[in-house]
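**Student:** Handing you this structure, nothing more for now.
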Amino acid sequence: MVRGRLAWRVGRLAEVRDETPTARTLVLDVPGWPGHLAGQHVDLRLTAEDGYRTTRTYSLAAPADGDRIAITVQRVPGGEVSPYLTEVFAVGDPVELRGPVGGWFVWRPTAPDPVLLVAGGAGIVPLMAMIRARRAAGSRAPVKLLYSVRTPADVYYAGELRRPEPGLDVTVVYTRKAPADWPGEPHRIGIADVNTAGWPAEFAPQCFVCGPTGFVETMADVLVALGHDPRRVKTERFGPSGS
Amino acid sequence: MSELFEDGNALAGPAGEIFAVDITSATTRCVSCGRADAVAALRVYRHAPGLVARCPGCDAVVLKLVRGRDAAWLDLTGTSSLRIPLPEG
Ligand SMILES: Cc1cc2nc3c(=O)[nH]c(=O)nc-3n(C[C@H](O)[C@H](O)[C@H](O)COP(=O)(O)OP(=O)(O)OC[C@H]3O[C@@H](n4cnc5c(N)ncnc54)[C@H](O)[C@@H]3O)c2cc1C
Ligand SMILES: [Zn+2]
């Protein structure tokens, strides 16, 4: 993707939606937004009164709606930026951002191949952008989502993911506490889950894995062990995590 | 607990200040072991004020990017080549 040199622009918070007790979707108005692909992200920059600046990266959660973009931020306890974005940042407030950036961890609705999406926690965000882009484009690419969360209350976009959608299969795995009607005990996603909820390697799906670093490493290894071509397994790590 | 790194996707913004093309989808070849990977698949460590990207195969430093007040400094000593996908122009 060729474009002009990347510069900072100012966005304004237009709307917030709480996804879980610790995650919030922020809808930003960004005048002149050029559009983006599912899987791309933005860098947000905050400047303190004393001039101290810090930057963090957030995946775009949905296709652009004109000049409106959405991100979903999970509050990391003790974090510098995410508690501000989820608890203090208010409708009407400005924020500096640049993007869209990233051209590798992206899915194009014109691709017909089957897709496997594997998400851990907040890693659902760019994968949800892919699911929404597929819907918006009327793509028929068959998609399976395998989503690891701690408890039922930690499912982002829960209402939307529960609604049946042709060609989209959603499997949620709970690591700490499962709903009463869930078969099995809470556990970390393992090779059996990926084998059952994913595509056989012979189908040559495009695989996208996103979440905390440790989760992503494990899942990428599992996919390769199941015979998937490492070049078709794309990963995005959100950074350290104790989960 | 788990390793303190992100991946090369995190370089997209900082590199986007310098290059007009997305370099995270470029293929980089590691000088020390010869392995070729997408820049997006490198292991990125944040050593303020810079970013250090290491080879997932041999852990050698492949790329360093430091943003100063009035300049960016890019060290590609560990990279023998970068193959950048470009649409026909
Ligand atoms: C390409 C990319 C896309 C990302 N997309 C999203 C997104 O869509 N939504 C989102 O919520 N986050 C996303 N992140 C993570 C985000 O950039 C920040 O790292 C995160 O919000 C924590 O920032 P902080 O300033 O609150 O914490 P910091 O002040 O940076 O860190 C505080 C403490 O938390 C630990 N920590 C840092 N990051 C995480 C993490 N992600 N999980 C658990 N512990 C952590 C640190 O090691 C440290 O001990 C993405 C990261 C990358 C590289
Ligand atoms: Zn190497």
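Ligands are numbered from 1 in the order shown, residues from 1 within each chain, and chains are lettered A, B, ... in the order they appear in the structure tokens.
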Select residues of chain A: the criterion is any atom within 9 Å of an atom of chain B, counting only C-alpha atoms; output as a PyMOL selection string.
**Tutor:** chain A and resi 1-7+41-43+57+98-105+212-215+234-242
**Student:** Hey, which residues sit close to ligand 2? Say within 9 Å, counting only C-alpha atoms and all ligand atoms, and write them as an MDAnalysis selection string.
**Tutor:** chainID B and resid 29:36 54:62 78
**Student:** Report the residues of segment 24-197 of chain A whose backbone DSSP state falls under alpha helix (DSSP H), written as a CSV table (one decimal) with C-alpha atoms, in the first residue's frame.
**Tutor:**
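Written file, result-v9.csv:
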```
chain,number,residue,atom,x,y,z
A,82,SER,CA,-5.5,2.2,29.0
A,83,PRO,CA,-7.0,3.2,32.3
A,124,ILE,CA,-10.7,-10.3,19.3
A,125,VAL,CA,-10.6,-6.6,18.2
A,126,PRO,CA,-8.9,-6.8,14.8
A,127,LEU,CA,-10.6,-10.2,14.2
A,128,MET,CA,-14.0,-8.6,14.8
A,129,ALA,CA,-13.0,-6.0,12.3
A,130,MET,CA,-12.6,-8.9,9.8
A,131,ILE,CA,-15.9,-10.4,10.7
A,132,ARG,CA,-17.6,-7.0,10.3
A,133,ALA,CA,-15.8,-6.3,7.0
A,134,ARG,CA,-16.9,-9.7,5.7
A,135,ARG,CA,-20.6,-8.9,6.6
A,136,ALA,CA,-20.4,-5.4,5.1
A,137,ALA,CA,-19.0,-6.7,1.9
A,158,ALA,CA,-21.3,-10.7,22.9
A,159,GLY,CA,-24.7,-9.8,21.5
A,160,GLU,CA,-23.3,-9.5,18.0
A,161,LEU,CA,-21.3,-12.7,18.1
A,162,ARG,CA,-24.4,-14.6,19.4
A,191,ILE,CA,-4.6,-28.7,20.3
A,192,ALA,CA,-7.9,-30.5,20.6
A,193,ASP,CA,-9.9,-27.2,20.6
A,194,VAL,CA,-8.1,-26.0,17.5
A,195,ASN,CA,-8.5,-29.3,15.8
A,196,THR,CA,-12.3,-29.4,16.5
A,197,ALA,CA,-13.1,-25.7,15.9
```
**Student:** Chain B: which residues are strand (DSSP E) by DSSP, as a ChimeraX atom specification?
**Tutor:** /B:6-7,27-30,36-38,43-47,50-54,61-67,72-75,79-83
**Student:** Restricting the output to N, CA and C atoms, write the selected residues as a short mmCIF file (atom, residue, chain, number, x, y, z; two decimals), in the first residue's frame.
**Tutor:**
```cif
data_model
loop_
_atom_site.label_atom_id
_atom_site.label_comp_id
_atom_site.auth_asym_id
_atom_site.auth_seq_id
_atom_site.Cartn_x
_atom_site.Cartn_y
_atom_site.Cartn_z
N GLU B 6 6.70 -7.41 21.61
CA GLU B 6 5.56 -7.33 20.71
C GLU B 6 6.06 -7.86 19.37
N ASP B 7 5.28 -7.70 18.32
CA ASP B 7 5.81 -8.15 17.04
C ASP B 7 5.96 -6.98 16.09
N THR B 27 9.65 -8.43 3.25
CA THR B 27 10.37 -9.60 3.74
C THR B 27 11.80 -9.20 4.05
N THR B 28 12.23 -9.51 5.26
CA THR B 28 13.58 -9.14 5.66
C THR B 28 14.42 -10.41 5.76
N ARG B 29 15.68 -10.32 5.36
CA ARG B 29 16.57 -11.47 5.49
C ARG B 29 17.62 -11.15 6.55
N CYS B 30 17.76 -12.08 7.49
CA CYS B 30 18.64 -11.88 8.63
C CYS B 30 20.10 -12.14 8.23
N ALA B 36 14.44 -15.69 6.29
CA ALA B 36 13.61 -14.63 5.72
C ALA B 36 12.26 -14.62 6.44
N ASP B 37 11.84 -13.46 6.88
CA ASP B 37 10.56 -13.31 7.56
C ASP B 37 9.90 -12.01 7.14
N ALA B 38 8.58 -11.97 7.32
CA ALA B 38 7.91 -10.68 7.19
C ALA B 38 8.40 -9.79 8.34
N ARG B 43 10.51 -9.93 16.35
CA ARG B 43 10.19 -9.70 17.76
C ARG B 43 10.67 -8.31 18.14
N VAL B 44 9.75 -7.50 18.57
CA VAL B 44 10.09 -6.10 18.83
C VAL B 44 10.13 -5.80 20.32
N TYR B 45 11.26 -5.27 20.74
CA TYR B 45 11.43 -4.88 22.14
C TYR B 45 11.48 -3.36 22.20
N ARG B 46 10.78 -2.80 23.17
CA ARG B 46 10.80 -1.34 23.33
C ARG B 46 11.87 -0.98 24.33
N HIS B 47 12.96 -0.41 23.81
CA HIS B 47 13.99 0.11 24.70
C HIS B 47 13.97 1.61 24.51
N GLY B 50 13.82 3.85 21.75
CA GLY B 50 13.81 3.19 20.45
C GLY B 50 13.10 1.86 20.43
N LEU B 51 13.10 1.26 19.24
CA LEU B 51 12.52 -0.06 19.03
C LEU B 51 13.61 -0.97 18.48
N VAL B 52 13.73 -2.15 19.03
CA VAL B 52 14.74 -3.10 18.59
C VAL B 52 14.01 -4.34 18.10
N ALA B 53 14.25 -4.71 16.81
CA ALA B 53 13.57 -5.88 16.25
C ALA B 53 14.57 -7.02 16.10
N ARG B 54 14.21 -8.18 16.65
CA ARG B 54 15.10 -9.34 16.59
C ARG B 54 14.53 -10.44 15.70
N VAL B 61 19.80 -9.04 16.37
CA VAL B 61 19.11 -7.77 16.10
C VAL B 61 19.10 -7.53 14.59
N VAL B 62 17.92 -7.37 14.03
CA VAL B 62 17.77 -7.22 12.59
C VAL B 62 17.60 -5.75 12.22
N LEU B 63 16.98 -5.01 13.11
CA LEU B 63 16.63 -3.63 12.79
C LEU B 63 16.47 -2.83 14.08
N LYS B 64 16.94 -1.59 14.05
CA LYS B 64 16.71 -0.69 15.20
C LYS B 64 16.16 0.62 14.68
N LEU B 65 15.20 1.15 15.41
CA LEU B 65 14.60 2.42 15.00
C LEU B 65 14.47 3.31 16.22
N VAL B 66 15.12 4.45 16.16
CA VAL B 66 15.05 5.39 17.27
C VAL B 66 14.54 6.72 16.75
N ARG B 67 13.52 7.22 17.42
CA ARG B 67 12.96 8.52 17.01
C ARG B 67 13.45 9.57 17.99
N ALA B 72 14.93 10.70 12.81
CA ALA B 72 14.75 9.28 13.11
C ALA B 72 16.05 8.59 12.71
N TRP B 73 16.44 7.59 13.46
CA TRP B 73 17.69 6.87 13.20
C TRP B 73 17.35 5.41 13.00
N LEU B 74 17.68 4.90 11.80
CA LEU B 74 17.32 3.54 11.43
C LEU B 74 18.60 2.74 11.20
N ASP B 75 18.79 1.68 11.97
CA ASP B 75 19.98 0.85 11.84
C ASP B 75 19.56 -0.50 11.25
N THR B 79 20.25 -6.63 8.72
CA THR B 79 19.39 -7.02 7.61
C THR B 79 20.20 -7.09 6.33
N SER B 80 20.15 -8.25 5.63
CA SER B 80 20.92 -8.27 4.38
C SER B 80 20.07 -7.79 3.22
N SER B 81 18.74 -7.93 3.30
CA SER B 81 17.90 -7.34 2.27
C SER B 81 16.48 -7.15 2.78
N LEU B 82 15.77 -6.26 2.14
CA LEU B 82 14.36 -6.03 2.42
C LEU B 82 13.64 -6.16 1.08
N ARG B 83 12.68 -7.08 1.00
CA ARG B 83 11.91 -7.20 -0.24
C ARG B 83 10.55 -6.57 0.03
#
```
**Student:** How many Å separate atom CA of Asp18 of chain A from atom CA of Val216 of chain A?
**Tutor:**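 About the pair atom CA of Asp18 of chain A and atom CA of Val216 of chain A: they are 25.3 Å apart.
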**Student:** Skipping near chain neighbours, those fewer than 3 positions away, what residues fall within 9 Å of Pro142 of chain A using only C-alpha atoms, listed as a ChimeraX atom specification?
**Tutor:** /A:112-116,139,166-169
